[in-house]
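Take a look at the structure below.
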Amino acid sequence: MAESTTKHGLSRRSFIKGAAAFTAAGALTGCSAQTGTLSETGEDGAGEQVPETQIFAGTCRAACMQGCLMNVHVRDGRVVRTTARDLPDPRYTRICSKGLTLPFRMYGTERLQYPMKRIGERGEGKFERISWDEAISTIAEKWQGYIDEFGPASLVKMTCGGNLGALPFSWTTLASIVGMTSIGTDFDAAHTSAISPMLGAGDMFRQQNENADLLNSKTIVSWGFNPAISHVQTMHFINEAREKGARHIVIDPVFGPTMNFADWYIPVRAGTDAVLAMSTLGVVVENNWHDTEFLKAHTEAPFLVKEDGALLRMSDLGVEPQQGDPNPTTGEPTIIDPCVVWDEKTQGAVAYTDATDPRLLDVPAVNGMAVKTEWEITLESIREYDPETAAGITGVSADDIRELARVYGEEGPVNTYNIYGFNHYFNAHQAYRAIDTLGFATGNIGKPGAATGSGNGEPYGMYNMVGIAAPKNSEGVLCANGSPVSPPISMLLDVLESGEYLGQPYPLKSVVMATLNPLTTNTDRNYTIQWLNKFEFIIVADIVMTETAKYADILLPVAHWFEVTEAHWQSTNLPFVLWQDKVADPLYESKSDVEIVRLIAEGLGHSDFPLLKNEEEFQKVLFDSEMLRQYGVTLDRLKEEKAVRHWTPDDSELIAYKDLKFATPSGRISFYRETPYKMYDVGQEVDAVRERSLAWDPPKEAWIDSEARKKFPFHCISERQRHRTHSQWQEVGYMCELYPHPVCKINPADATELGVQEGDVVKIFNDRGYAVVNALIHAGVPRKTITVSRGYEEDEFIEGHFANLTMKDYDNISRNQVFLDCAVGIERIGEGE
């Protein structure tokens, strides 16, 4: 049998041979969980002098958003291994295979070593070496020309989650200084469009109690959440909770690794989570399992709504609105015009702030106006989804729906932990809204063991993000010149081709991309190539040569995580801010993000911003926060202790919304929307009546009866990989040896119908493109569904690319890429090796 060779030209035999040599040098032990000091002996067994090993603090800052603290072992100036480092709370001390293999990333063959300029066609990957002086002068000359002719907004900054540390925020600083357009990647946004109106804006990734609190839950529902793969830090807390007697329920279309740790697995038809949640809520209410007192006291459930869809306010009853404190954004006085409820004690309509016992149902007419409560409207919106009807839509039996409702009603506290499993469908905001309503209606928020929602980290509001986005020059003058306009990615090609946005001239000429790899991670790769090629001048700053980097006109090498000093606070399940020591000088000619940004700013004549002087000064600004000072979190303390709890001022476990105060105008959880909450507005039509309360629309392509499925009969789900975070770690030969190729998993019955056997080569296709991979037969995949490995780059597929298959379209509410809403055909084209 021929040796298999990875994309890096590494065969199994050469890997094992090379690994032996690497181990002798003390480097391969970076993959070991050992924590003791390494020692080496000669062939005669006699001890030899071993160079001193220094141990530094390090963090893994990938977008898995786990935030592992590690020991970085350095010998003779070279990183030789990583191990788990003790945290102040040992329950959080963990490390996974990706953290253990970071030395391979640091010394990988695909590290960008020096600035380069393109000499071939875009995407061809042909570059020649240039100096930093030439790179910066080329960028400055090009950009200044665009600024002079088209204005600074013709320059675009794009960043994402490739490094969750502090330093990449310097690209936002650059955009503000120069006046650039910032365009987001529109990932995972349906969650925000659903929950922001319900709980109010703010740290929207802090709905969850901290993970240690899972041990206080009686029931944990992983709904569209696969922690065994994507959140290993969370998974061990779930298992420890089960050991204490908690019940773990997993709701997902595909049977995956997390189901091995489930007490009850509920296979739901993809894209129907909203229906399941609404039907479950209906049974909860039917059995009076909802928390009536919580609904009255802490939600807008009793707020009255008029027949025209507007909330009833005191001005409707003849009470003049009052002026309140100025709006901090506009400076204009706020208008105080309270919403109205029906108070049982007074048997009359009063401002919600004055009610002692507000009614939830059957309110009489108020001043001749027919009204309903928000709660009544919610119940009307779910009425059509009785368990029998919902069973036909979701594939979950009526008995199981009733049992799930009983669990919410009688087996609390319940933690409903959802991340992004159902985020990537056209109707995703409906699913979040319905599931969160179920949790809130049963009072599962703001107390130990009870939480509802997505994530519990990224406390941006604690840090001085304003100081980064509106930097001060050397004279203390604020600079906030960034363009207020940000076209959605789904419209970027139209803007580039027309030079207009929202009917106004908006020429875009150059883009700089850092900490992202859109050709691998965005939907509709062909579309991404089109808009990339429409930019006249592309700059990519990265650690390694990604497939997006191959499209750059100028490539800038960024230092590895271990080669800088950096704070990391954006973990979604770790209540600490972590510190990265600089363990070695940046390899080759690589530089930190802050230094690169400073050089570009200076090249454009902006040399008077002290925060760009170095990494230290930049992070001083980030830590210049009154909240951090109140919590005792300082940069100096962090450097010394390496990990500092920052979620709670008294080191207590975080209970999200413990004070039951919410950032909505009323200070309560809102169930109703007078006007649709649109994350973007380009004049699209929105069904305002439908958006007022809970609703469900079938997914655009994934739904079994969609037009797309008539032509392409399989639903295609992208599957996150244990050994990668999006496309990161693609350059680690060790990981590529273990998981060399993307695969397609297919149900055995479907495989039989298609004549596909294990290992066969199959082509997955639709009108947008195709991918050729090997097939795996997997009984956990539903009929007429396939899963495909995500995070692999073009040269790792036999042919094609997974991102060719997905669509770029957005729904009319969320700026949200819909990776999972995808219909494909599949055919066998050859035998496997």
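Identifiers for the structure tokens are assigned positionally: chains receive A, B, ... in sequence, residues are indexed from 1 per chain, and ligands are indexed from 1 in the order shown.
Residues of segment 458-607 of chain A that DSSP places in strand (DSSP E), based on the backbone of this structure, are A:Glu500, A:Tyr501, A:Gln504, A:Pro505, A:Ser510, A:Val511, A:Val512, A:Met513, A:Ala514, A:Phe537, A:Ile538, A:Ile539, A:Val540, A:Ala541, A:Asp542, A:Ile554, A:Leu555, A:Leu556, A:Pro557, A:Glu566, A:Ala567, A:His568, A:Phe576, A:Val577, A:Leu578, A:Trp579, A:Gln580.
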Output file for the residues above (N, CA and C atoms, as a tab-separated table (two decimals), in the first residue's frame):
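Printed below is again_17.tsv as written:
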chain	number	residue	atom	x	y	z
A	500	GLU	N	-21.36	52.49	-5.28
A	500	GLU	CA	-22.42	53.15	-4.52
A	500	GLU	C	-22.91	52.22	-3.41
A	501	TYR	N	-23.44	52.86	-2.36
A	501	TYR	CA	-24.10	52.12	-1.29
A	501	TYR	C	-25.25	52.98	-0.77
A	504	GLN	N	-25.81	56.33	-2.48
A	504	GLN	CA	-24.80	57.37	-2.39
A	504	GLN	C	-23.46	56.84	-2.93
A	505	PRO	N	-22.62	57.74	-3.49
A	505	PRO	CA	-21.29	57.30	-3.95
A	505	PRO	C	-20.51	56.69	-2.80
A	510	SER	N	-9.30	49.60	-1.57
A	510	SER	CA	-8.27	48.76	-0.97
A	510	SER	C	-8.79	48.15	0.32
A	511	VAL	N	-8.30	46.97	0.64
A	511	VAL	CA	-8.70	46.30	1.87
A	511	VAL	C	-7.47	45.74	2.57
A	512	VAL	N	-7.45	45.85	3.90
A	512	VAL	CA	-6.46	45.16	4.71
A	512	VAL	C	-7.21	44.15	5.56
A	513	MET	N	-6.72	42.90	5.54
A	513	MET	CA	-7.36	41.82	6.29
A	513	MET	C	-6.37	41.25	7.30
A	514	ALA	N	-6.82	41.13	8.53
A	514	ALA	CA	-5.99	40.58	9.60
A	514	ALA	C	-6.86	39.68	10.47
A	537	PHE	N	-6.27	46.89	-4.45
A	537	PHE	CA	-5.05	46.68	-3.67
A	537	PHE	C	-5.41	45.96	-2.38
A	538	ILE	N	-4.83	44.78	-2.18
A	538	ILE	CA	-5.15	43.92	-1.03
A	538	ILE	C	-3.91	43.74	-0.16
A	539	ILE	N	-4.09	43.94	1.13
A	539	ILE	CA	-3.03	43.69	2.11
A	539	ILE	C	-3.53	42.61	3.06
A	540	VAL	N	-2.71	41.62	3.33
A	540	VAL	CA	-3.05	40.59	4.30
A	540	VAL	C	-1.93	40.52	5.33
A	541	ALA	N	-2.32	40.62	6.60
A	541	ALA	CA	-1.39	40.46	7.72
A	541	ALA	C	-1.76	39.16	8.43
A	542	ASP	N	-0.84	38.22	8.50
A	542	ASP	CA	-1.16	36.91	9.08
A	542	ASP	C	0.11	36.24	9.57
A	554	ILE	N	0.21	42.69	-1.05
A	554	ILE	CA	1.29	42.83	-0.07
A	554	ILE	C	0.98	41.91	1.10
A	555	LEU	N	1.94	41.08	1.49
A	555	LEU	CA	1.81	40.17	2.63
A	555	LEU	C	2.70	40.66	3.77
A	556	LEU	N	2.12	40.73	4.96
A	556	LEU	CA	2.86	41.20	6.13
A	556	LEU	C	2.90	40.09	7.17
A	557	PRO	N	4.09	39.68	7.63
A	557	PRO	CA	4.19	38.59	8.60
A	557	PRO	C	3.93	39.06	10.03
A	566	GLU	N	0.71	39.94	25.77
A	566	GLU	CA	-0.68	40.20	25.36
A	566	GLU	C	-1.67	39.69	26.41
A	567	ALA	N	-2.71	40.48	26.63
A	567	ALA	CA	-3.81	40.06	27.51
A	567	ALA	C	-4.90	39.40	26.68
A	568	HIS	N	-5.55	38.43	27.30
A	568	HIS	CA	-6.64	37.71	26.63
A	568	HIS	C	-7.81	37.60	27.59
A	576	PHE	N	-11.59	34.46	33.85
A	576	PHE	CA	-10.31	35.11	34.09
A	576	PHE	C	-9.84	35.86	32.86
A	577	VAL	N	-9.12	36.95	33.09
A	577	VAL	CA	-8.30	37.55	32.05
A	577	VAL	C	-6.92	36.93	32.21
A	578	LEU	N	-6.30	36.55	31.09
A	578	LEU	CA	-5.06	35.80	31.10
A	578	LEU	C	-3.92	36.65	30.53
A	579	TRP	N	-2.71	36.28	30.88
A	579	TRP	CA	-1.54	37.02	30.42
A	579	TRP	C	-0.60	36.12	29.61
A	580	GLN	N	-0.12	36.66	28.50
A	580	GLN	CA	0.86	36.00	27.66
A	580	GLN	C	2.21	36.67	27.84
- [ ] Identify, on the basis of only C-alpha atoms, every residue whose closest approach to segment 516-519 of chain A does not exceed 7 Å; exclude the query and any residue fewer than 5 positions from it along the same chain; express the result as number ranges by chain.
- [x] A: 159-162, 525, 528, 546-548
Output of the above residues as a PDB file, in the first residue's frame, restricted to N, CA and C atoms:
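Dumped everything to result.pdb:
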ATOM      1  N   THR A 159     -11.409  42.428  10.065  1.00  0.00           N
ATOM      2  CA  THR A 159     -10.797  41.540  11.051  1.00  0.00           C
ATOM      3  C   THR A 159     -11.860  40.586  11.568  1.00  0.00           C
ATOM      4  N   CYS A 160     -11.421  39.520  12.229  1.00  0.00           N
ATOM      5  CA  CYS A 160     -12.369  38.576  12.821  1.00  0.00           C
ATOM      6  C   CYS A 160     -11.713  37.927  14.033  1.00  0.00           C
ATOM      7  N   GLY A 161     -11.933  36.629  14.260  1.00  0.00           N
ATOM      8  CA  GLY A 161     -11.534  35.992  15.511  1.00  0.00           C
ATOM      9  C   GLY A 161     -10.295  35.142  15.441  1.00  0.00           C
ATOM     10  N   GLY A 162      -9.408  35.393  14.473  1.00  0.00           N
ATOM     11  CA  GLY A 162      -8.205  34.572  14.369  1.00  0.00           C
ATOM     12  C   GLY A 162      -7.247  34.737  15.525  1.00  0.00           C
ATOM     13  N   ARG A 525     -17.636  30.653  -1.616  1.00  0.00           N
ATOM     14  CA  ARG A 525     -16.236  30.992  -1.883  1.00  0.00           C
ATOM     15  C   ARG A 525     -16.057  31.682  -3.231  1.00  0.00           C
ATOM     16  N   THR A 528     -16.708  35.194  -2.732  1.00  0.00           N
ATOM     17  CA  THR A 528     -15.600  35.827  -2.015  1.00  0.00           C
ATOM     18  C   THR A 528     -14.451  36.149  -2.965  1.00  0.00           C
ATOM     19  N   THR A 546      -2.220  31.454   4.379  1.00  0.00           N
ATOM     20  CA  THR A 546      -3.544  30.887   4.177  1.00  0.00           C
ATOM     21  C   THR A 546      -3.925  31.014   2.708  1.00  0.00           C
ATOM     22  N   GLU A 547      -5.074  30.420   2.338  1.00  0.00           N
ATOM     23  CA  GLU A 547      -5.469  30.572   0.942  1.00  0.00           C
ATOM     24  C   GLU A 547      -5.934  31.999   0.663  1.00  0.00           C
ATOM     25  N   THR A 548      -6.402  32.724   1.681  1.00  0.00           N
ATOM     26  CA  THR A 548      -6.711  34.137   1.485  1.00  0.00           C
ATOM     27  C   THR A 548      -5.436  34.942   1.280  1.00  0.00           C
TER      28      THR A 548
END
TODO: Write out as a PyMOL selection string the residues lying within 12 Å of Glu753 of chain A, counting only C-alpha atoms and excluding same-chain residues fewer than 5 positions away.
DONE: chain A and resi 746-748+783-784+826-828
Just C-alpha atoms for this one: save the residues we selected as a short mmCIF file (atom, residue, chain, number, x, y, z; two decimals), in the first residue's frame.
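Result file is part21.cif:
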data_model
loop_
_atom_site.label_atom_id
_atom_site.label_comp_id
_atom_site.auth_asym_id
_atom_site.auth_seq_id
_atom_site.Cartn_x
_atom_site.Cartn_y
_atom_site.Cartn_z
CA ILE A 746 -23.63 9.82 5.05
CA ASN A 747 -26.44 7.69 6.45
CA PRO A 748 -26.06 3.94 5.69
CA ARG A 783 -31.63 10.36 6.11
CA LYS A 784 -31.16 12.75 3.19
CA ILE A 826 -24.16 13.73 -4.04
CA GLU A 827 -22.78 11.03 -6.34
CA ARG A 828 -20.13 8.36 -6.15
#
Open item on the list: I'd like the contact shell of Trp729 of chain A - 9 Å cut-off, only C-alpha atoms, skipping same-chain residues fewer than 6 positions apart - returned as a VMD selection string.
Closed with: chain A and resid 98 101 to 102 104 to 105 723 735 to 736
Go ahead and write the selection's residues with all heavy atoms as a PDB file, in the first residue's frame.
ATOM      1  N   LYS A  98      -5.003  21.099  20.739  1.00  0.00           N
ATOM      2  CA  LYS A  98      -4.564  22.256  19.955  1.00  0.00           C
ATOM      3  C   LYS A  98      -3.563  23.087  20.746  1.00  0.00           C
ATOM      4  O   LYS A  98      -2.555  23.549  20.201  1.00  0.00           O
ATOM      5  CB  LYS A  98      -5.777  23.082  19.531  1.00  0.00           C
ATOM      6  CG  LYS A  98      -6.601  22.411  18.444  1.00  0.00           C
ATOM      7  CD  LYS A  98      -7.867  23.159  18.111  1.00  0.00           C
ATOM      8  CE  LYS A  98      -8.914  23.005  19.178  1.00  0.00           C
ATOM      9  NZ  LYS A  98     -10.221  23.570  18.778  1.00  0.00           N
ATOM     10  N   THR A 101      -0.175  21.465  20.799  1.00  0.00           N
ATOM     11  CA  THR A 101       0.594  21.448  19.555  1.00  0.00           C
ATOM     12  C   THR A 101       0.951  22.843  19.053  1.00  0.00           C
ATOM     13  O   THR A 101       1.384  23.001  17.909  1.00  0.00           O
ATOM     14  CB  THR A 101      -0.188  20.703  18.447  1.00  0.00           C
ATOM     15  OG1 THR A 101      -1.478  21.302  18.281  1.00  0.00           O
ATOM     16  CG2 THR A 101      -0.353  19.241  18.788  1.00  0.00           C
ATOM     17  N   LEU A 102       0.784  23.856  19.900  1.00  0.00           N
ATOM     18  CA  LEU A 102       1.139  25.209  19.467  1.00  0.00           C
ATOM     19  C   LEU A 102       2.609  25.369  19.065  1.00  0.00           C
ATOM     20  O   LEU A 102       2.915  26.194  18.197  1.00  0.00           O
ATOM     21  CB  LEU A 102       0.763  26.222  20.549  1.00  0.00           C
ATOM     22  CG  LEU A 102      -0.669  26.747  20.453  1.00  0.00           C
ATOM     23  CD1 LEU A 102      -1.041  27.574  21.667  1.00  0.00           C
ATOM     24  CD2 LEU A 102      -0.872  27.568  19.183  1.00  0.00           C
ATOM     25  N   PHE A 104       4.189  23.510  17.173  1.00  0.00           N
ATOM     26  CA  PHE A 104       4.211  23.182  15.750  1.00  0.00           C
ATOM     27  C   PHE A 104       3.730  24.366  14.917  1.00  0.00           C
ATOM     28  O   PHE A 104       4.212  24.573  13.796  1.00  0.00           O
ATOM     29  CB  PHE A 104       3.329  21.963  15.472  1.00  0.00           C
ATOM     30  CG  PHE A 104       3.909  20.671  15.955  1.00  0.00           C
ATOM     31  CD1 PHE A 104       3.633  20.198  17.233  1.00  0.00           C
ATOM     32  CD2 PHE A 104       4.736  19.916  15.144  1.00  0.00           C
ATOM     33  CE1 PHE A 104       4.160  19.003  17.671  1.00  0.00           C
ATOM     34  CE2 PHE A 104       5.266  18.714  15.580  1.00  0.00           C
ATOM     35  CZ  PHE A 104       4.981  18.258  16.859  1.00  0.00           C
ATOM     36  N   ARG A 105       2.780  25.119  15.438  1.00  0.00           N
ATOM     37  CA  ARG A 105       2.322  26.314  14.723  1.00  0.00           C
ATOM     38  C   ARG A 105       3.420  27.371  14.721  1.00  0.00           C
ATOM     39  O   ARG A 105       3.644  28.056  13.719  1.00  0.00           O
ATOM     40  CB  ARG A 105       1.079  26.905  15.389  1.00  0.00           C
ATOM     41  CG  ARG A 105      -0.178  26.061  15.277  1.00  0.00           C
ATOM     42  CD  ARG A 105      -1.415  26.924  15.461  1.00  0.00           C
ATOM     43  NE  ARG A 105      -1.643  27.746  14.287  1.00  0.00           N
ATOM     44  CZ  ARG A 105      -2.331  28.883  14.287  1.00  0.00           C
ATOM     45  NH1 ARG A 105      -2.820  29.356  15.419  1.00  0.00           N
ATOM     46  NH2 ARG A 105      -2.503  29.569  13.188  1.00  0.00           N
ATOM     47  N   HIS A 723      -9.824  19.023  15.809  1.00  0.00           N
ATOM     48  CA  HIS A 723      -8.395  19.341  15.709  1.00  0.00           C
ATOM     49  C   HIS A 723      -8.128  20.689  15.066  1.00  0.00           C
ATOM     50  O   HIS A 723      -6.973  21.035  14.820  1.00  0.00           O
ATOM     51  CB  HIS A 723      -7.683  18.253  14.906  1.00  0.00           C
ATOM     52  CG  HIS A 723      -8.272  18.060  13.537  1.00  0.00           C
ATOM     53  ND1 HIS A 723      -9.491  17.445  13.340  1.00  0.00           N
ATOM     54  CD2 HIS A 723      -7.831  18.417  12.318  1.00  0.00           C
ATOM     55  CE1 HIS A 723      -9.754  17.433  12.043  1.00  0.00           C
ATOM     56  NE2 HIS A 723      -8.779  18.020  11.413  1.00  0.00           N
ATOM     57  N   MET A 735      -1.216  17.345  13.243  1.00  0.00           N
ATOM     58  CA  MET A 735      -2.663  17.239  13.145  1.00  0.00           C
ATOM     59  C   MET A 735      -3.076  16.729  11.765  1.00  0.00           C
ATOM     60  O   MET A 735      -4.020  15.941  11.638  1.00  0.00           O
ATOM     61  CB  MET A 735      -3.304  18.604  13.401  1.00  0.00           C
ATOM     62  CG  MET A 735      -3.134  19.112  14.823  1.00  0.00           C
ATOM     63  SD  MET A 735      -4.065  18.115  16.015  1.00  0.00           S
ATOM     64  CE  MET A 735      -4.198  19.288  17.365  1.00  0.00           C
ATOM     65  N   CYS A 736      -2.399  17.202  10.737  1.00  0.00           N
ATOM     66  CA  CYS A 736      -2.738  16.762   9.384  1.00  0.00           C
ATOM     67  C   CYS A 736      -2.470  15.270   9.207  1.00  0.00           C
ATOM     68  O   CYS A 736      -3.133  14.609   8.404  1.00  0.00           O
ATOM     69  CB  CYS A 736      -1.938  17.564   8.355  1.00  0.00           C
ATOM     70  SG  CYS A 736      -2.402  19.300   8.274  1.00  0.00           S
TER      71      CYS A 736
END
Task: Residues near segment 680-686 of chain A, cut-off 9 Å, only C-alpha atoms, skip fewer than 2 positions along chain, as a ChimeraX atom specification - done: /A:487-488,501-502,676-678,688-691,812-815
How would the residues just chosen look if you wrote them out with N, CA, C and O atoms as a PDB file, in the first residue's frame?
ATOM      1  N   PRO A 487     -21.153  48.180   4.822  1.00  0.00           N
ATOM      2  CA  PRO A 487     -21.981  47.304   3.980  1.00  0.00           C
ATOM      3  C   PRO A 487     -21.885  45.841   4.415  1.00  0.00           C
ATOM      4  O   PRO A 487     -20.813  45.378   4.818  1.00  0.00           O
ATOM      5  N   PRO A 488     -22.989  45.106   4.347  1.00  0.00           N
ATOM      6  CA  PRO A 488     -22.923  43.668   4.635  1.00  0.00           C
ATOM      7  C   PRO A 488     -22.029  42.960   3.623  1.00  0.00           C
ATOM      8  O   PRO A 488     -21.943  43.378   2.457  1.00  0.00           O
ATOM      9  N   TYR A 501     -23.444  52.858  -2.360  1.00  0.00           N
ATOM     10  CA  TYR A 501     -24.102  52.124  -1.290  1.00  0.00           C
ATOM     11  C   TYR A 501     -25.247  52.977  -0.766  1.00  0.00           C
ATOM     12  O   TYR A 501     -25.063  54.159  -0.457  1.00  0.00           O
ATOM     13  N   LEU A 502     -26.432  52.385  -0.702  1.00  0.00           N
ATOM     14  CA  LEU A 502     -27.644  53.068  -0.264  1.00  0.00           C
ATOM     15  C   LEU A 502     -27.882  54.343  -1.072  1.00  0.00           C
ATOM     16  O   LEU A 502     -28.304  55.378  -0.549  1.00  0.00           O
ATOM     17  N   PRO A 676     -39.639  45.967  13.854  1.00  0.00           N
ATOM     18  CA  PRO A 676     -38.643  44.900  13.712  1.00  0.00           C
ATOM     19  C   PRO A 676     -37.246  45.392  14.090  1.00  0.00           C
ATOM     20  O   PRO A 676     -36.872  46.532  13.806  1.00  0.00           O
ATOM     21  N   TYR A 677     -36.508  44.530  14.749  1.00  0.00           N
ATOM     22  CA  TYR A 677     -35.114  44.825  15.076  1.00  0.00           C
ATOM     23  C   TYR A 677     -34.258  44.325  13.920  1.00  0.00           C
ATOM     24  O   TYR A 677     -34.002  43.130  13.776  1.00  0.00           O
ATOM     25  N   LYS A 678     -33.827  45.251  13.065  1.00  0.00           N
ATOM     26  CA  LYS A 678     -33.047  44.879  11.885  1.00  0.00           C
ATOM     27  C   LYS A 678     -31.576  45.193  12.127  1.00  0.00           C
ATOM     28  O   LYS A 678     -31.224  46.329  12.449  1.00  0.00           O
ATOM     29  N   ALA A 688     -43.422  43.167   9.436  1.00  0.00           N
ATOM     30  CA  ALA A 688     -43.378  43.734  10.782  1.00  0.00           C
ATOM     31  C   ALA A 688     -44.328  43.034  11.729  1.00  0.00           C
ATOM     32  O   ALA A 688     -44.022  42.850  12.914  1.00  0.00           O
ATOM     33  N   VAL A 689     -45.484  42.627  11.229  1.00  0.00           N
ATOM     34  CA  VAL A 689     -46.458  41.947  12.085  1.00  0.00           C
ATOM     35  C   VAL A 689     -45.900  40.608  12.549  1.00  0.00           C
ATOM     36  O   VAL A 689     -46.010  40.239  13.721  1.00  0.00           O
ATOM     37  N   ARG A 690     -45.265  39.878  11.630  1.00  0.00           N
ATOM     38  CA  ARG A 690     -44.707  38.572  11.985  1.00  0.00           C
ATOM     39  C   ARG A 690     -43.555  38.704  12.980  1.00  0.00           C
ATOM     40  O   ARG A 690     -43.366  37.839  13.842  1.00  0.00           O
ATOM     41  N   GLU A 691     -42.793  39.777  12.884  1.00  0.00           N
ATOM     42  CA  GLU A 691     -41.644  39.954  13.760  1.00  0.00           C
ATOM     43  C   GLU A 691     -42.032  40.411  15.160  1.00  0.00           C
ATOM     44  O   GLU A 691     -41.191  40.450  16.046  1.00  0.00           O
ATOM     45  N   ASN A 812     -33.801  38.877   6.064  1.00  0.00           N
ATOM     46  CA  ASN A 812     -34.011  40.320   6.060  1.00  0.00           C
ATOM     47  C   ASN A 812     -33.947  40.947   7.444  1.00  0.00           C
ATOM     48  O   ASN A 812     -34.294  42.114   7.623  1.00  0.00           O
ATOM     49  N   ILE A 813     -33.477  40.188   8.432  1.00  0.00           N
ATOM     50  CA  ILE A 813     -33.340  40.699   9.786  1.00  0.00           C
ATOM     51  C   ILE A 813     -31.873  40.722  10.218  1.00  0.00           C
ATOM     52  O   ILE A 813     -31.376  41.713  10.717  1.00  0.00           O
ATOM     53  N   SER A 814     -31.174  39.612  10.006  1.00  0.00           N
ATOM     54  CA  SER A 814     -29.823  39.459  10.541  1.00  0.00           C
ATOM     55  C   SER A 814     -28.752  39.568   9.461  1.00  0.00           C
ATOM     56  O   SER A 814     -28.910  39.031   8.362  1.00  0.00           O
ATOM     57  N   ARG A 815     -27.653  40.227   9.795  1.00  0.00           N
ATOM     58  CA  ARG A 815     -26.451  40.145   8.980  1.00  0.00           C
ATOM     59  C   ARG A 815     -25.746  38.845   9.380  1.00  0.00           C
ATOM     60  O   ARG A 815     -24.849  38.839  10.213  1.00  0.00           O
TER      61      ARG A 815
END
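Taking only C-alpha atoms, the non-local environment of Gly467 of chain A within 9 Å (same-chain residues fewer than 5 positions away omitted) comprises Thr173, Lys472, Leu478, Val621, Leu622 and Asp624 of chain A.
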